[in-house]
$ cat entry_38.pdb   # PDB, C-alpha atoms, pLDDT in the B column
ATOM      1  CA  MET A   1    -112.792  91.747-203.626  1.00 94.00           C
ATOM      2  CA  GLU A   2    -111.936  93.341-200.303  1.00 93.00           C
ATOM      3  CA  ASN A   3    -114.346  91.059-198.462  1.00 95.00           C
ATOM      4  CA  LEU A   4    -112.868  87.968-200.136  1.00 96.00           C
ATOM      5  CA  PHE A   5    -109.438  88.988-198.885  1.00 97.00           C
ATOM      6  CA  ALA A   6    -110.792  89.714-195.393  1.00 97.00           C
ATOM      7  CA  VAL A   7    -112.590  86.371-195.133  1.00 97.00           C
ATOM      8  CA  THR A   8    -109.523  84.523-196.419  1.00 97.00           C
ATOM      9  CA  GLN A   9    -107.334  86.310-193.875  1.00 97.00           C
ATOM     10  CA  GLN A  10    -109.710  85.354-191.047  1.00 97.00           C
ATOM     11  CA  ASN A  11    -109.723  81.727-192.176  1.00 98.00           C
ATOM     12  CA  ARG A  12    -105.924  81.832-192.209  1.00 98.00           C
ATOM     13  CA  LYS A  13    -105.870  83.249-188.666  1.00 98.00           C
ATOM     14  CA  ASN A  14    -108.113  80.385-187.579  1.00 98.00           C
ATOM     15  CA  LEU A  15    -105.776  77.835-189.194  1.00 98.00           C
ATOM     16  CA  TYR A  16    -102.802  79.563-187.562  1.00 98.00           C
ATOM     17  CA  GLN A  17    -104.456  79.198-184.160  1.00 97.00           C
ATOM     18  CA  ILE A  18    -105.035  75.509-184.830  1.00 97.00           C
ATOM     19  CA  LEU A  19    -101.339  75.046-185.620  1.00 96.00           C
ATOM     20  CA  GLU A  20    -100.452  76.930-182.434  1.00 96.00           C
ATOM     21  CA  ALA A  21    -102.798  74.909-180.215  1.00 95.00           C
ATOM     22  CA  THR A  22    -102.287  71.412-181.624  1.00 96.00           C
ATOM     23  CA  PRO A  23     -99.381  69.226-180.519  1.00 95.00           C
ATOM     24  CA  ARG A  24     -97.176  68.028-183.379  1.00 95.00           C
ATOM     25  CA  GLU A  25     -98.156  64.390-182.849  1.00 95.00           C
ATOM     26  CA  GLN A  26    -101.812  65.311-183.356  1.00 96.00           C
ATOM     27  CA  LEU A  27    -101.001  67.451-186.406  1.00 97.00           C
ATOM     28  CA  LEU A  28     -99.510  64.340-188.015  1.00 97.00           C
ATOM     29  CA  GLN A  29    -102.114  61.818-186.888  1.00 96.00           C
ATOM     30  CA  ILE A  30    -104.254  60.246-189.619  1.00 96.00           C
ATOM     31  CA  PRO A  31    -107.406  58.814-188.032  1.00 96.00           C
ATOM     32  CA  HIS A  32    -109.032  55.660-189.334  1.00 93.00           C
ATOM     33  CA  GLY A  33    -111.125  56.459-192.394  1.00 93.00           C
ATOM     34  CA  TYR A  34    -109.076  59.525-193.374  1.00 95.00           C
ATOM     35  CA  ARG A  35    -106.336  59.886-195.993  1.00 95.00           C
ATOM     36  CA  ASN A  36    -104.576  62.909-194.580  1.00 96.00           C
ATOM     37  CA  ASN A  37    -103.961  64.900-191.421  1.00 98.00           C
ATOM     38  CA  ILE A  38    -104.349  68.407-190.026  1.00 98.00           C
ATOM     39  CA  TRP A  39    -100.811  69.351-191.006  1.00 98.00           C
ATOM     40  CA  TRP A  40    -101.226  68.361-194.663  1.00 98.00           C
ATOM     41  CA  ASN A  41    -104.543  70.239-194.952  1.00 98.00           C
ATOM     42  CA  VAL A  42    -103.131  73.480-193.553  1.00 98.00           C
ATOM     43  CA  ALA A  43     -99.987  73.380-195.695  1.00 98.00           C
ATOM     44  CA  HIS A  44    -102.065  72.395-198.734  1.00 98.00           C
ATOM     45  CA  VAL A  45    -104.182  75.562-198.560  1.00 98.00           C
ATOM     46  CA  VAL A  46    -101.036  77.713-198.641  1.00 98.00           C
ATOM     47  CA  VAL A  47     -99.730  75.860-201.696  1.00 98.00           C
ATOM     48  CA  THR A  48    -103.035  75.790-203.559  1.00 98.00           C
ATOM     49  CA  GLN A  49    -103.619  79.526-203.157  1.00 98.00           C
ATOM     50  CA  GLN A  50    -100.229  80.180-204.740  1.00 98.00           C
ATOM     51  CA  LEU A  51    -100.857  77.820-207.638  1.00 98.00           C
ATOM     52  CA  LEU A  52    -104.353  79.162-208.333  1.00 98.00           C
ATOM     53  CA  VAL A  53    -103.510  82.855-208.115  1.00 98.00           C
ATOM     54  CA  TYR A  54     -99.860  83.183-209.157  1.00 98.00           C
ATOM     55  CA  GLY A  55     -99.454  79.985-211.140  1.00 98.00           C
ATOM     56  CA  LEU A  56    -102.528  80.476-213.314  1.00 98.00           C
ATOM     57  CA  SER A  57    -101.520  84.145-213.742  1.00 98.00           C
ATOM     58  CA  LYS A  58     -98.167  82.976-215.153  1.00 97.00           C
ATOM     59  CA  MET A  59     -96.271  84.613-212.325  1.00 97.00           C
ATOM     60  CA  PRO A  60     -93.655  83.121-209.998  1.00 97.00           C
ATOM     61  CA  ILE A  61     -95.110  81.669-206.824  1.00 97.00           C
ATOM     62  CA  ARG A  62     -93.983  83.247-203.566  1.00 96.00           C
ATOM     63  CA  ILE A  63     -93.291  80.082-201.576  1.00 97.00           C
ATOM     64  CA  PRO A  64     -90.490  77.503-201.713  1.00 97.00           C
ATOM     65  CA  GLY A  65     -90.888  74.924-204.469  1.00 96.00           C
ATOM     66  CA  GLU A  66     -90.373  72.047-202.048  1.00 95.00           C
ATOM     67  CA  LEU A  67     -93.626  72.994-200.328  1.00 97.00           C
ATOM     68  CA  VAL A  68     -95.439  72.776-203.661  1.00 97.00           C
ATOM     69  CA  THR A  69     -93.940  69.357-204.325  1.00 97.00           C
ATOM     70  CA  LYS A  70     -94.927  68.104-200.882  1.00 96.00           C
ATOM     71  CA  PHE A  71     -98.430  69.591-200.508  1.00 97.00           C
ATOM     72  CA  ARG A  72     -99.986  70.149-203.942  1.00 97.00           C
ATOM     73  CA  LYS A  73    -103.131  68.391-205.135  1.00 96.00           C
ATOM     74  CA  GLY A  74    -102.538  64.655-205.494  1.00 95.00           C
ATOM     75  CA  THR A  75     -99.982  64.405-202.693  1.00 97.00           C
ATOM     76  CA  ALA A  76    -100.361  62.635-199.371  1.00 96.00           C
ATOM     77  CA  PRO A  77     -98.828  63.197-195.945  1.00 96.00           C
ATOM     78  CA  ASP A  78     -95.383  61.690-195.542  1.00 92.00           C
ATOM     79  CA  GLY A  79     -95.600  61.512-191.732  1.00 90.00           C
ATOM     80  CA  THR A  80     -93.127  64.326-191.111  1.00 90.00           C
ATOM     81  CA  CYS A  81     -93.060  68.013-190.336  1.00 92.00           C
ATOM     82  CA  ALA A  82     -89.956  69.694-189.004  1.00 91.00           C
ATOM     83  CA  GLU A  83     -90.345  72.562-186.542  1.00 92.00           C
ATOM     84  CA  GLU A  84     -88.823  74.882-189.164  1.00 95.00           C
ATOM     85  CA  GLU A  85     -91.457  73.784-191.676  1.00 96.00           C
ATOM     86  CA  ILE A  86     -94.257  74.432-189.180  1.00 96.00           C
ATOM     87  CA  LYS A  87     -92.889  77.920-188.508  1.00 97.00           C
ATOM     88  CA  MET A  88     -92.613  78.576-192.247  1.00 97.00           C
ATOM     89  CA  ILE A  89     -96.222  77.544-192.891  1.00 98.00           C
ATOM     90  CA  LYS A  90     -97.434  79.654-189.933  1.00 97.00           C
ATOM     91  CA  ASP A  91     -95.665  82.680-191.407  1.00 97.00           C
ATOM     92  CA  LEU A  92     -96.919  81.961-194.925  1.00 98.00           C
ATOM     93  CA  LEU A  93    -100.518  81.488-193.781  1.00 97.00           C
ATOM     94  CA  LEU A  94    -100.739  85.190-193.003  1.00 96.00           C
ATOM     95  CA  SER A  95     -98.138  86.762-195.300  1.00 97.00           C
ATOM     96  CA  THR A  96     -99.259  85.181-198.576  1.00 97.00           C
ATOM     97  CA  THR A  97    -102.785  86.570-198.360  1.00 95.00           C
ATOM     98  CA  ASP A  98    -101.398  90.042-197.628  1.00 96.00           C
ATOM     99  CA  GLU A  99     -99.060  89.720-200.637  1.00 97.00           C
ATOM    100  CA  ILE A 100    -101.866  88.660-202.961  1.00 97.00           C
ATOM    101  CA  ARG A 101    -104.041  91.551-201.784  1.00 97.00           C
ATOM    102  CA  LYS A 102    -101.213  94.048-202.429  1.00 97.00           C
ATOM    103  CA  ASP A 103    -100.387  92.518-205.812  1.00 98.00           C
ATOM    104  CA  TYR A 104    -104.055  92.603-206.779  1.00 98.00           C
ATOM    105  CA  GLU A 105    -104.382  96.244-205.703  1.00 97.00           C
ATOM    106  CA  ASN A 106    -101.249  97.036-207.750  1.00 97.00           C
ATOM    107  CA  ALA A 107    -102.757  95.287-210.804  1.00 97.00           C
ATOM    108  CA  VAL A 108     -99.861  92.878-211.259  1.00 97.00           C
ATOM    109  CA  PHE A 109    -102.130  90.042-212.436  1.00 97.00           C
ATOM    110  CA  GLN A 110    -102.398  90.824-216.147  1.00 95.00           C
ATOM    111  CA  ASP A 111    -102.538  87.384-217.742  1.00 96.00           C
ATOM    112  CA  PHE A 112    -104.547  84.342-216.709  1.00 98.00           C
ATOM    113  CA  THR A 113    -104.761  80.769-217.969  1.00 98.00           C
ATOM    114  CA  GLU A 114    -108.326  79.476-217.767  1.00 98.00           C
ATOM    115  CA  TYR A 115    -108.612  76.347-215.662  1.00 98.00           C
ATOM    116  CA  ILE A 116    -111.306  73.849-214.714  1.00 97.00           C
ATOM    117  CA  THR A 117    -110.926  72.773-211.096  1.00 96.00           C
ATOM    118  CA  SER A 118    -111.487  69.265-209.785  1.00 94.00           C
ATOM    119  CA  ALA A 119    -114.821  70.620-208.461  1.00 94.00           C
ATOM    120  CA  LYS A 120    -115.754  71.338-212.108  1.00 96.00           C
ATOM    121  CA  VAL A 121    -115.599  75.126-211.635  1.00 97.00           C
ATOM    122  CA  LYS A 122    -114.140  77.036-214.579  1.00 98.00           C
ATOM    123  CA  LEU A 123    -111.824  79.856-213.589  1.00 98.00           C
ATOM    124  CA  HIS A 124    -111.683  82.656-216.183  1.00 98.00           C
ATOM    125  CA  SER A 125    -109.761  85.309-214.260  1.00 98.00           C
ATOM    126  CA  VAL A 126    -107.625  85.982-211.221  1.00 98.00           C
ATOM    127  CA  GLU A 127    -110.785  87.200-209.475  1.00 98.00           C
ATOM    128  CA  ASP A 128    -112.352  83.792-210.111  1.00 98.00           C
ATOM    129  CA  ALA A 129    -109.220  82.116-208.724  1.00 98.00           C
ATOM    130  CA  ILE A 130    -109.291  84.235-205.566  1.00 98.00           C
ATOM    131  CA  ALA A 131    -112.985  83.495-205.035  1.00 98.00           C
ATOM    132  CA  PHE A 132    -112.593  79.777-205.725  1.00 98.00           C
ATOM    133  CA  ASN A 133    -109.612  79.636-203.396  1.00 98.00           C
ATOM    134  CA  LEU A 134    -111.822  80.809-200.527  1.00 97.00           C
ATOM    135  CA  PHE A 135    -114.268  77.976-201.286  1.00 97.00           C
ATOM    136  CA  HIS A 136    -111.328  75.540-201.414  1.00 98.00           C
ATOM    137  CA  GLU A 137    -109.975  76.762-198.090  1.00 98.00           C
ATOM    138  CA  GLY A 138    -113.424  76.388-196.541  1.00 97.00           C
ATOM    139  CA  LEU A 139    -113.509  72.747-197.596  1.00 97.00           C
ATOM    140  CA  HIS A 140    -110.149  72.132-195.969  1.00 98.00           C
ATOM    141  CA  MET A 141    -111.116  74.038-192.818  1.00 98.00           C
ATOM    142  CA  GLY A 142    -114.085  71.683-192.560  1.00 97.00           C
ATOM    143  CA  THR A 143    -111.755  68.719-192.964  1.00 97.00           C
ATOM    144  CA  VAL A 144    -109.431  70.095-190.276  1.00 98.00           C
ATOM    145  CA  VAL A 145    -112.352  70.477-187.840  1.00 97.00           C
ATOM    146  CA  SER A 146    -113.464  66.929-188.642  1.00 97.00           C
ATOM    147  CA  LEU A 147    -109.918  65.640-188.094  1.00 97.00           C
ATOM    148  CA  GLN A 148    -109.740  67.460-184.758  1.00 96.00           C
ATOM    149  CA  LYS A 149    -112.892  65.694-183.625  1.00 96.00           C
ATOM    150  CA  ALA A 150    -111.680  62.320-184.903  1.00 95.00           C
ATOM    151  CA  ILE A 151    -108.424  62.535-182.923  1.00 93.00           C
ATOM    152  CA  GLY A 152    -109.937  64.253-179.899  1.00 88.00           C
ATOM    153  CA  ALA A 153    -107.873  67.422-180.360  1.00 67.00           C
ATOM    154  CA  GLN A 154    -108.778  70.612-178.559  1.00 56.00           C
ATOM    155  CA  GLY A 155    -108.681  73.778-180.625  1.00 53.00           C
TER     156      GLY A 155
END
$ encode --input "entry_38.pdb" --output "C-alpha coordinates"
Amino acid sequence: MENLFAVTQQNRKNLYQILEATPREQLLQIPHGYRNNIWWNVAHVVVTQQLLVYGLSKMPIRIPGELVTKFRKGTAPDGTCAEEEIKMIKDLLLSTTDEIRKDYENAVFQDFTEYITSAKVKLHSVEDAIAFNLFHEGLHMGTVVSLQKAIGAQG
(Lines of atoms letter the chains of each structure in order from A and count residues from 1; the text may use other names and numbers.)
(Lines give C-alpha, C1' and ligand atoms only; values in the text may rest on other atoms or scores of the structure.)
Protein backbone atom coordinates (compact mmCIF):
# COMPACT_ATOMS: atom_id res chain seq x y z
CA MET A 1 0.00 0.00 0.00
CA GLU A 2 2.85 2.37 0.76
CA ASN A 3 3.82 2.55 -2.91
CA LEU A 4 0.23 3.30 -3.94
CA PHE A 5 0.21 6.24 -1.54
CA ALA A 6 3.62 7.43 -2.77
CA VAL A 7 2.62 7.27 -6.44
CA THR A 8 -0.67 9.04 -5.71
CA GLN A 9 1.18 11.77 -3.81
CA GLN A 10 3.60 12.26 -6.73
CA ASN A 11 0.70 12.49 -9.18
CA ARG A 12 -0.89 15.08 -6.90
CA LYS A 13 2.35 17.09 -6.80
CA ASN A 14 2.39 17.04 -10.60
CA LEU A 15 -1.21 18.28 -10.74
CA TYR A 16 -0.36 20.96 -8.17
CA GLN A 17 2.48 22.18 -10.38
CA ILE A 18 0.11 22.34 -13.34
CA LEU A 19 -2.30 24.51 -11.34
CA GLU A 20 0.62 26.73 -10.30
CA ALA A 21 1.97 27.13 -13.84
CA THR A 22 -1.26 27.50 -15.81
CA PRO A 23 -3.03 30.85 -16.12
CA ARG A 24 -6.64 30.80 -14.94
CA GLU A 25 -7.98 31.47 -18.44
CA GLN A 26 -6.22 28.34 -19.70
CA LEU A 27 -7.42 26.29 -16.72
CA LEU A 28 -10.98 27.10 -17.78
CA GLN A 29 -10.56 26.74 -21.53
CA ILE A 30 -12.44 23.86 -23.18
CA PRO A 31 -10.82 23.12 -26.55
CA HIS A 32 -12.86 21.99 -29.53
CA GLY A 33 -13.60 18.28 -29.24
CA TYR A 34 -13.37 18.21 -25.43
CA ARG A 35 -16.14 18.27 -22.82
CA ASN A 36 -14.16 19.61 -19.90
CA ASN A 37 -11.08 21.59 -18.94
CA ILE A 38 -7.91 21.29 -16.88
CA TRP A 39 -9.56 22.84 -13.84
CA TRP A 40 -12.47 20.39 -13.78
CA ASN A 41 -10.14 17.38 -14.17
CA VAL A 42 -7.90 18.41 -11.29
CA ALA A 43 -10.78 19.19 -8.93
CA HIS A 44 -12.56 15.99 -10.01
CA VAL A 45 -9.67 13.77 -8.86
CA VAL A 46 -9.83 15.31 -5.38
CA VAL A 47 -13.57 14.69 -5.16
CA THR A 48 -13.47 11.18 -6.59
CA GLN A 49 -10.76 10.02 -4.18
CA GLN A 50 -12.93 11.14 -1.27
CA LEU A 51 -16.03 9.42 -2.60
CA LEU A 52 -14.22 6.16 -3.39
CA VAL A 53 -12.28 5.88 -0.15
CA TYR A 54 -14.38 7.63 2.51
CA GLY A 55 -17.78 7.47 0.87
CA LEU A 56 -17.67 3.75 0.10
CA SER A 57 -16.25 3.16 3.61
CA LYS A 58 -19.35 4.87 5.05
CA MET A 59 -17.27 7.62 6.58
CA PRO A 60 -17.66 11.39 6.28
CA ILE A 61 -15.70 12.89 3.42
CA ARG A 62 -13.02 15.42 4.34
CA ILE A 63 -13.80 18.09 1.75
CA PRO A 64 -16.60 20.64 1.43
CA GLY A 65 -19.84 19.24 0.02
CA GLU A 66 -20.07 21.99 -2.57
CA LEU A 67 -16.94 20.62 -4.22
CA VAL A 68 -18.57 17.20 -4.48
CA THR A 69 -21.67 18.73 -6.03
CA LYS A 70 -19.61 20.69 -8.55
CA PHE A 71 -16.98 18.10 -9.54
CA ARG A 72 -18.35 14.58 -9.03
CA LYS A 73 -18.84 12.08 -11.84
CA GLY A 74 -21.52 13.27 -14.25
CA THR A 75 -20.84 16.98 -13.77
CA ALA A 76 -19.43 19.42 -16.30
CA PRO A 77 -17.40 22.61 -15.97
CA ASP A 78 -19.49 25.68 -15.25
CA GLY A 79 -16.88 28.11 -16.61
CA THR A 80 -15.87 29.48 -13.21
CA CYS A 81 -13.21 29.03 -10.58
CA ALA A 82 -12.65 31.61 -7.89
CA GLU A 83 -9.11 32.20 -6.63
CA GLU A 84 -10.22 30.88 -3.22
CA GLU A 85 -11.45 27.67 -4.86
CA ILE A 86 -8.15 27.22 -6.70
CA LYS A 87 -6.24 27.66 -3.43
CA MET A 88 -8.55 25.18 -1.70
CA ILE A 89 -8.04 22.53 -4.38
CA LYS A 90 -4.25 23.08 -4.32
CA ASP A 91 -4.26 22.50 -0.56
CA LEU A 92 -6.56 19.49 -0.82
CA LEU A 93 -4.50 17.88 -3.59
CA LEU A 94 -1.71 17.23 -1.11
CA SER A 95 -3.49 17.08 2.25
CA THR A 96 -6.19 14.55 1.34
CA THR A 97 -3.71 11.87 0.30
CA ASP A 98 -1.77 12.37 3.55
CA GLU A 99 -5.04 12.07 5.51
CA ILE A 100 -6.05 8.87 3.75
CA ARG A 101 -2.61 7.35 4.37
CA LYS A 102 -2.82 8.20 8.10
CA ASP A 103 -6.39 6.94 8.38
CA TYR A 104 -5.43 3.73 6.60
CA GLU A 105 -2.42 3.22 8.89
CA ASN A 106 -4.72 3.82 11.89
CA ALA A 107 -7.19 1.22 10.56
CA VAL A 108 -10.16 3.58 10.52
CA PHE A 109 -11.65 2.00 7.38
CA GLN A 110 -13.63 -0.88 8.90
CA ASP A 111 -16.68 -1.09 6.64
CA PHE A 112 -16.88 -0.97 2.86
CA THR A 113 -19.74 -0.98 0.37
CA GLU A 114 -18.82 -2.97 -2.73
CA TYR A 115 -19.08 -0.91 -5.90
CA ILE A 116 -18.72 -1.46 -9.63
CA THR A 117 -17.03 1.50 -11.28
CA SER A 118 -17.93 2.94 -14.66
CA ALA A 119 -14.79 1.14 -15.93
CA LYS A 120 -16.48 -2.13 -14.87
CA VAL A 121 -14.01 -2.74 -12.02
CA LYS A 122 -15.55 -4.21 -8.87
CA LEU A 123 -14.22 -2.72 -5.66
CA HIS A 124 -14.43 -5.11 -2.70
CA SER A 125 -12.38 -3.22 -0.11
CA VAL A 126 -10.82 0.10 0.76
CA GLU A 127 -7.54 -1.26 -0.63
CA ASP A 128 -9.30 -1.84 -3.96
CA ALA A 129 -10.67 1.71 -3.83
CA ILE A 130 -7.23 3.19 -3.16
CA ALA A 131 -5.71 1.18 -6.01
CA PHE A 132 -8.52 2.01 -8.43
CA ASN A 133 -8.28 5.67 -7.49
CA LEU A 134 -4.67 5.73 -8.69
CA PHE A 135 -5.80 4.30 -12.05
CA HIS A 136 -8.57 6.92 -12.18
CA GLU A 137 -6.16 9.74 -11.42
CA GLY A 138 -3.82 8.48 -14.14
CA LEU A 139 -6.64 8.71 -16.67
CA HIS A 140 -7.33 12.29 -15.67
CA MET A 141 -3.63 13.20 -15.68
CA GLY A 142 -3.55 11.96 -19.27
CA THR A 143 -6.56 14.11 -20.07
CA VAL A 144 -4.91 17.14 -18.45
CA VAL A 145 -1.75 16.63 -20.55
CA SER A 146 -3.90 16.30 -23.67
CA LEU A 147 -5.80 19.47 -22.76
CA GLN A 148 -2.52 21.32 -22.23
CA LYS A 149 -1.41 20.37 -25.73
CA ALA A 150 -4.78 21.28 -27.24
CA ILE A 151 -4.70 24.80 -25.76
CA GLY A 152 -0.96 25.30 -26.19
CA ALA A 153 -0.32 25.56 -22.45
CA GLN A 154 3.18 25.26 -21.05
CA GLY A 155 3.56 23.08 -17.98
$ closest_residue --input "entry_38.pdb" --among "A:Leu52, A:Val144, A:Leu15, A:Met88" --to "Phe132 of chain A" --atoms "all atoms listed in the file"
A:Leu52
$ resolve_selection --input "entry_38.pdb" --expression "the PyMOL selection byres ((chain A and resi 12) around 9)" --output "list in words"
Val7, Thr8, Gln9, Gln10, Asn11, Lys13, Asn14, Leu15, Tyr16, Gln17, Val42, Leu93, Leu94, Thr97 and Glu137 of chain A
$ write_last_selection --input "entry_38.pdb" --atoms "C-alpha atoms" --output "short mmCIF file (atom, residue, chain, number, x, y, z; two decimals), keeping the file's coordinate frame"
data_model
loop_
_atom_site.label_atom_id
_atom_site.label_comp_id
_atom_site.auth_asym_id
_atom_site.auth_seq_id
_atom_site.Cartn_x
_atom_site.Cartn_y
_atom_site.Cartn_z
CA VAL A 7 -112.59 86.37 -195.13
CA THR A 8 -109.52 84.52 -196.42
CA GLN A 9 -107.33 86.31 -193.88
CA GLN A 10 -109.71 85.35 -191.05
CA ASN A 11 -109.72 81.73 -192.18
CA LYS A 13 -105.87 83.25 -188.67
CA ASN A 14 -108.11 80.39 -187.58
CA LEU A 15 -105.78 77.83 -189.19
CA TYR A 16 -102.80 79.56 -187.56
CA GLN A 17 -104.46 79.20 -184.16
CA VAL A 42 -103.13 73.48 -193.55
CA LEU A 93 -100.52 81.49 -193.78
CA LEU A 94 -100.74 85.19 -193.00
CA THR A 97 -102.78 86.57 -198.36
CA GLU A 137 -109.98 76.76 -198.09
#
$ closest_residue --input "entry_38.pdb" --among "A:Pro31, A:Pro23, A:Gly65, A:Pro60" --to "Ile151 of chain A" --atoms "only C-alpha atoms"
A:Pro31
$ residues_around --input "entry_38.pdb" --residues "Arg62 of chain A" --least-positions-apart "2" --cutoff "8 Å" --atoms "all atoms listed in the file" --output "PyMOL selection string"
chain A and resi 50+60+64+96
$ atom_distance --input "entry_38.pdb" --atom1 "atom CA of Gln29 of chain A" --atom2 "atom CA of Phe135 of chain A"
24.8 Å
$ closest_residue --input "entry_38.pdb" --among "A:Tyr104, A:Trp40, A:Phe109, A:Tyr54" --to "Thr75 of chain A" --atoms "only C-alpha atoms"
A:Trp40
$ atom_distance --input "entry_38.pdb" --atom1 "atom CA of Ala131 of chain A" --atom2 "atom CA of Leu4 of chain A"
6.6 Å
$ residues_around --input "entry_38.pdb" --residues "Ile130 of chain A" --least-positions-apart "5" --cutoff "9 Å" --atoms "all atoms listed in the file" --output "JSON, numbers by chain"
{"A": [1, 4, 5, 49, 52, 53, 125]}
$ atom_distance --input "entry_38.pdb" --atom1 "atom CA of Ile18 of chain A" --atom2 "atom CA of Arg35 of chain A"
19.2 Å
$ closest_residue --input "entry_38.pdb" --among "A:Ile89, A:Leu27, A:Glu127, A:Ala82" --to "Ala107 of chain A" --atoms "all atoms listed in the file"
A:Glu127
$ closest_residue --input "entry_38.pdb" --among "A:Ala129, A:Glu83, A:Ile100, A:Asn36" --to "Phe71 of chain A" --atoms "only C-alpha atoms"
A:Asn36
$ closest_residue --input "entry_38.pdb" --among "A:Ala43, A:Ala6, A:Leu51, A:Val68" --to "Lys90 of chain A" --atoms "all atoms listed in the file"
A:Ala43
$ resolve_selection --input "entry_38.pdb" --expression "the PyMOL selection byres ((chain A and resi 112-114) around 8)" --output "list of chain:residue names"
A:Leu56, A:Ser57, A:Lys58, A:Phe109, A:Gln110, A:Asp111, A:Tyr115, A:Ile116, A:Lys122, A:Leu123, A:His124, A:Ser125, A:Val126
$ axis_aligned_box --input "entry_38.pdb" --around "segment 1-17 of chain A" --padding-each-side "6 Å" --output "JSON"
{"center_x": -108.6, "center_y": 85.6, "center_z": -193.9, "size_x": 23.5, "size_y": 27.5, "size_z": 31.5}
